[in-house]
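Reading through the structure tokens given below for one structure.
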Amino acid sequence: MDQGQKNIIDLFCGCGGFSLGAHLAGFNTVLAVDIDPILSSAFAVNFPHSKLTHFDLAKTSGKEILEASGNQKIFGITGGPPCQGFSTMGRRDNNDPRNKLIGHFLEQVKDIEPSFFVMENVPGLISGMMREKLEKQMKTISEHYSVIGPTMVNASGLGAATKRQRVIVIGYNPREFKAFTEKDILALHSQELTSVRDAIGDLPPPLDCEEGDYGWTKYDGRRRMSEYARNAREIPSNGCGWDMAIEKLKQGHVSGLMNTVHSKEIMKRYASLYPGSTDSISKSYKLDWEGQCPTLRAGTGSDRGSFQAVRPIHPDQGRVITVREAARLQGFPDWFVFHPTKWHSFRMIGNSVSPHLAKKILKFIRGRNNNSLLDVA
């Protein structure tokens, strides 16, 4: 295998936050797997050279996954199994069938035997009975891998503009990597945080458009642009991206600016809120230009009531944030498109792994590999 092209499989891929971070860290996603064709529809658009499959991992063997990848050599497996059964925002149902998906993730690791794996989940995974279950499951692979974690990390310290705490578990083959510890992972966090202003201050206001439109809007050249924003506007150079989105970006247009219509009363109430406070009726948090965004929530799919998550309020406009603003806060670049509808787009972003978090961790792991190149991107 070409040492410059290390292949990974992305399980529970969603729209592709983990894969984006992996590509930016010098990996290549040869196969992405998700059961939800709507939430993963953006993956197919943004990663045209990666194969997307819709498998139920509870009913799929590692052999089938490898066959779907073309039986290529797999260097790593990444994944964020659905977390609603562990989330403190929900009912924390110990019997939620989705809790078993972590076990299915680890079964894939055992069957495929990659050089490393990274699993991401919510903080609720490491409390009470949930942690006991996790530790029991981790013992099934501990004889083959050096396991780091569960470790709490925060997307805010890893480059994103959101306070998104997550738990990660890393396993690596000790014969192929220089040893590292949880302390090394925590040391990746920076004290220099990206502010809401850095992330979205340059974006144009939303426009009224029909649902089903991607909401393309021209950048406002009069707005101040941070280094974070300049990086977000860069054209992808690693084979990623939808041709249409890249061409639009070259012409100075960005997607995701669909407006959310509020009544005049609500707009006035939102506008009067002090930044950093919460609206007493909608429970929406008003962003502070110099602060960071709280964790962006996903809402539920049609199979679970189609409930929309509460969206943050713009720092000085009487409205909730747009899809593109949410994407910037989470760490997605402007060439990355989501869904023609706002609801599915926000679900994709809320369910995603922050690309900044994924890139920082995966770049570190690649650098610890005994055969790693010195020119990791």
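Every chain in the structure tokens has a letter given in the order shown (A, B, ...), and although residue numbers restart at 1 in each chain, ligands are simply numbered from 1 in the order shown.
Backbone DSSP over stretch 10-56 of chain A yields alpha helix (DSSP H) at Gly17, Phe18, Ser19, Leu20, Gly21, Ala22, His23, Leu24, Ser41, Ala42, Phe43, Ala44, Val45 and Asn46 of chain A.
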Selection near A:Arg319, 9 Å with only C-alpha atoms, sequence-local residues under 5 positions removed, as a PDB file with N, CA and C atoms, in the first residue's frame:
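Contents of around-v7.pdb, freshly written:
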ATOM      1  N   ASN A 259     -33.578  31.436   4.715  1.00  0.00           N
ATOM      2  CA  ASN A 259     -34.119  32.190   5.842  1.00  0.00           C
ATOM      3  C   ASN A 259     -35.123  31.357   6.635  1.00  0.00           C
ATOM      4  N   THR A 260     -35.180  31.585   7.948  1.00  0.00           N
ATOM      5  CA  THR A 260     -36.234  31.044   8.795  1.00  0.00           C
ATOM      6  C   THR A 260     -37.173  32.194   9.127  1.00  0.00           C
ATOM      7  N   VAL A 261     -38.412  32.074   8.718  1.00  0.00           N
ATOM      8  CA  VAL A 261     -39.370  33.177   8.881  1.00  0.00           C
ATOM      9  C   VAL A 261     -39.889  33.217  10.316  1.00  0.00           C
ATOM     10  N   HIS A 262     -39.745  34.379  10.947  1.00  0.00           N
ATOM     11  CA  HIS A 262     -40.280  34.609  12.290  1.00  0.00           C
ATOM     12  C   HIS A 262     -41.354  35.694  12.218  1.00  0.00           C
ATOM     13  N   ILE A 266     -41.711  37.822  17.468  1.00  0.00           N
ATOM     14  CA  ILE A 266     -40.566  36.988  17.826  1.00  0.00           C
ATOM     15  C   ILE A 266     -39.262  37.674  17.453  1.00  0.00           C
ATOM     16  N   MET A 267     -39.217  38.290  16.277  1.00  0.00           N
ATOM     17  CA  MET A 267     -38.011  38.987  15.854  1.00  0.00           C
ATOM     18  C   MET A 267     -37.647  40.090  16.851  1.00  0.00           C
ATOM     19  N   TYR A 270     -36.319  38.443  20.095  1.00  0.00           N
ATOM     20  CA  TYR A 270     -34.963  37.945  19.898  1.00  0.00           C
ATOM     21  C   TYR A 270     -33.956  39.084  19.848  1.00  0.00           C
ATOM     22  N   ALA A 271     -34.321  40.150  19.160  1.00  0.00           N
ATOM     23  CA  ALA A 271     -33.400  41.284  19.010  1.00  0.00           C
ATOM     24  C   ALA A 271     -33.133  41.970  20.343  1.00  0.00           C
ATOM     25  N   PRO A 312     -29.670  28.281  17.958  1.00  0.00           N
ATOM     26  CA  PRO A 312     -29.195  29.530  18.560  1.00  0.00           C
ATOM     27  C   PRO A 312     -29.686  30.759  17.784  1.00  0.00           C
ATOM     28  N   ILE A 313     -29.719  31.873  18.499  1.00  0.00           N
ATOM     29  CA  ILE A 313     -30.132  33.152  17.903  1.00  0.00           C
ATOM     30  C   ILE A 313     -28.886  33.923  17.480  1.00  0.00           C
ATOM     31  N   HIS A 314     -28.974  34.574  16.334  1.00  0.00           N
ATOM     32  CA  HIS A 314     -27.863  35.379  15.818  1.00  0.00           C
ATOM     33  C   HIS A 314     -27.500  36.477  16.835  1.00  0.00           C
TER      34      HIS A 314
END
Could you name the residues that touch A:His104 at 8 Å or less, counting only C-alpha atoms, but leaving out those on the same chain fewer than 3 positions away, as a list in words?
-> Leu57, Ala58, Lys100, Leu101, Glu107 and Gln108 of chain A
For A:Lys136: contacts at 12 Å, only C-alpha atoms, fewer than 6 positions along chain excluded, given as a ChimeraX atom specification | /A:102-103,106,129-130,142
Which residues of stretch 163-211 of chain A have any atom within 12 Å of an atom in stretch 66-83 of chain A when counting only C-alpha atoms, and what is the closest pair of atoms for each, with the distance in Å to one decimal? Order the rows by chain and rising number and write it as CSV.
residue,atom,partner,partner_atom,distance
A:Arg166,CA,A:Gly80,CA,10.2
A:Val167,CA,A:Gly80,CA,9.9
A:Ile168,CA,A:Gly80,CA,9.0
A:Val169,CA,A:Thr78,CA,10.1
A:Ile170,CA,A:Thr78,CA,9.4
A:Gly171,CA,A:Gly76,CA,9.7
A:Tyr172,CA,A:Gly76,CA,9.0
A:Asn173,CA,A:Phe75,CA,10.4
A:Glu176,CA,A:Phe75,CA,10.5
A:Phe177,CA,A:Phe75,CA,11.9
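These are the residues of stretch 165-322 of chain A assigned strand (DSSP E) by DSSP from backbone coordinates: Gln165, Arg166, Val167, Ile168, Val169, Ile170, Gly171, Tyr172, Thr217, Lys218, His253, Val254, Cys293 and Pro294 of chain A.
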Those residues with C-alpha atoms, as a compact mmCIF listing (two decimals), in the first residue's frame please?
# COMPACT_ATOMS: atom_id res chain seq x y z
CA GLN A 165 -17.87 18.10 24.46
CA ARG A 166 -17.43 14.58 23.18
CA VAL A 167 -16.00 11.30 24.41
CA ILE A 168 -13.51 9.49 22.20
CA VAL A 169 -11.99 6.04 22.43
CA ILE A 170 -8.83 5.29 20.44
CA GLY A 171 -7.31 1.90 19.84
CA TYR A 172 -4.02 1.30 18.04
CA THR A 217 -25.95 33.72 -1.79
CA LYS A 218 -23.10 35.99 -2.83
CA HIS A 253 -21.38 32.26 -3.83
CA VAL A 254 -22.04 30.10 -0.78
CA CYS A 293 -21.70 28.51 20.35
CA PRO A 294 -23.21 25.88 22.65
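Omitting A:Pro340 and its sequence neighbours fewer than 6 positions away, and counting only C-alpha atoms, the residues within 12 Å are Ile38, Leu39, Ser41, Ala42, Cys209, Glu210, Glu211, Gly212, Asp213, Tyr214, Gly215, Trp216, Ser255, Gly256, Leu257, Met258, Val323, Phe346 and Met348 of chain A.
Taking atom CA of A:Gly201 as the reference point, atom CA of A:Ser156 is found at 17.3 Å.
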Contact residues around A:Ala22 with only C-alpha atoms at 9 Å, ignoring same-chain residues under 3 positions, as a ChimeraX atom specification | /A:8,17-19,25-29,78,355,358-359,362-363
Spatial neighbours of A:Asp56, max dist 10 Å, only C-alpha atoms, sep filter under 3 positions, as a JSON list (two decimals) with N, CA and C atoms, in the first residue's frame:
[["chain", "number", "residue", "atom", "x", "y", "z"],
["A", 12, "PHE", "N", -21.17, 4.68, 10.44],
["A", 12, "PHE", "CA", -22.15, 5.67, 10.93],
["A", 12, "PHE", "C", -21.72, 7.06, 10.41],
["A", 33, "VAL", "N", -20.31, 4.09, 5.62],
["A", 33, "VAL", "CA", -21.49, 3.27, 5.87],
["A", 33, "VAL", "C", -22.46, 4.02, 6.77],
["A", 34, "ASP", "N", -23.72, 4.03, 6.37],
["A", 34, "ASP", "CA", -24.76, 4.61, 7.23],
["A", 34, "ASP", "C", -26.08, 3.96, 6.85],
["A", 35, "ILE", "N", -26.98, 3.85, 7.82],
["A", 35, "ILE", "CA", -28.28, 3.23, 7.55],
["A", 35, "ILE", "C", -29.30, 4.22, 7.03],
["A", 36, "ASP", "N", -29.05, 5.53, 7.25],
["A", 36, "ASP", "CA", -30.02, 6.57, 6.91],
["A", 36, "ASP", "C", -29.66, 7.22, 5.57],
["A", 53, "THR", "N", -22.31, 3.22, 1.26],
["A", 53, "THR", "CA", -23.25, 2.11, 1.29],
["A", 53, "THR", "C", -24.22, 2.29, 2.45],
["A", 59, "LYS", "N", -26.61, -6.01, 11.37],
["A", 59, "LYS", "CA", -26.87, -7.23, 10.60],
["A", 59, "LYS", "C", -25.81, -7.43, 9.51],
["A", 60, "THR", "N", -24.66, -6.77, 9.66],
["A", 60, "THR", "CA", -23.63, -6.82, 8.62],
["A", 60, "THR", "C", -22.31, -7.28, 9.21],
["A", 61, "SER", "N", -21.66, -8.21, 8.55],
["A", 61, "SER", "CA", -20.38, -8.73, 9.04],
["A", 61, "SER", "C", -19.22, -7.89, 8.54],
["A", 101, "LEU", "N", -25.16, -0.39, 19.34],
["A", 101, "LEU", "CA", -24.40, -0.08, 18.13],
["A", 101, "LEU", "C", -22.91, 0.09, 18.42],
["A", 104, "HIS", "N", -21.55, -3.24, 18.03],
["A", 104, "HIS", "CA", -21.45, -3.59, 16.60],
["A", 104, "HIS", "C", -20.25, -2.90, 15.96]]
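Between A:Pro333 and the candidates A:Met244, A:Ala232, A:Val320, A:Leu207, the tightest atom-to-atom separation, counting only C-alpha atoms, involves A:Ala232.
Nearest residue to A:Ala229, choosing from A:Ala161, A:Met138, A:Val310, A:Ala44 and counting only C-alpha atoms: A:Ala161.
The coordinates place atom CA of A:Lys163 at 24.1 Å from atom CA of A:Ser272.
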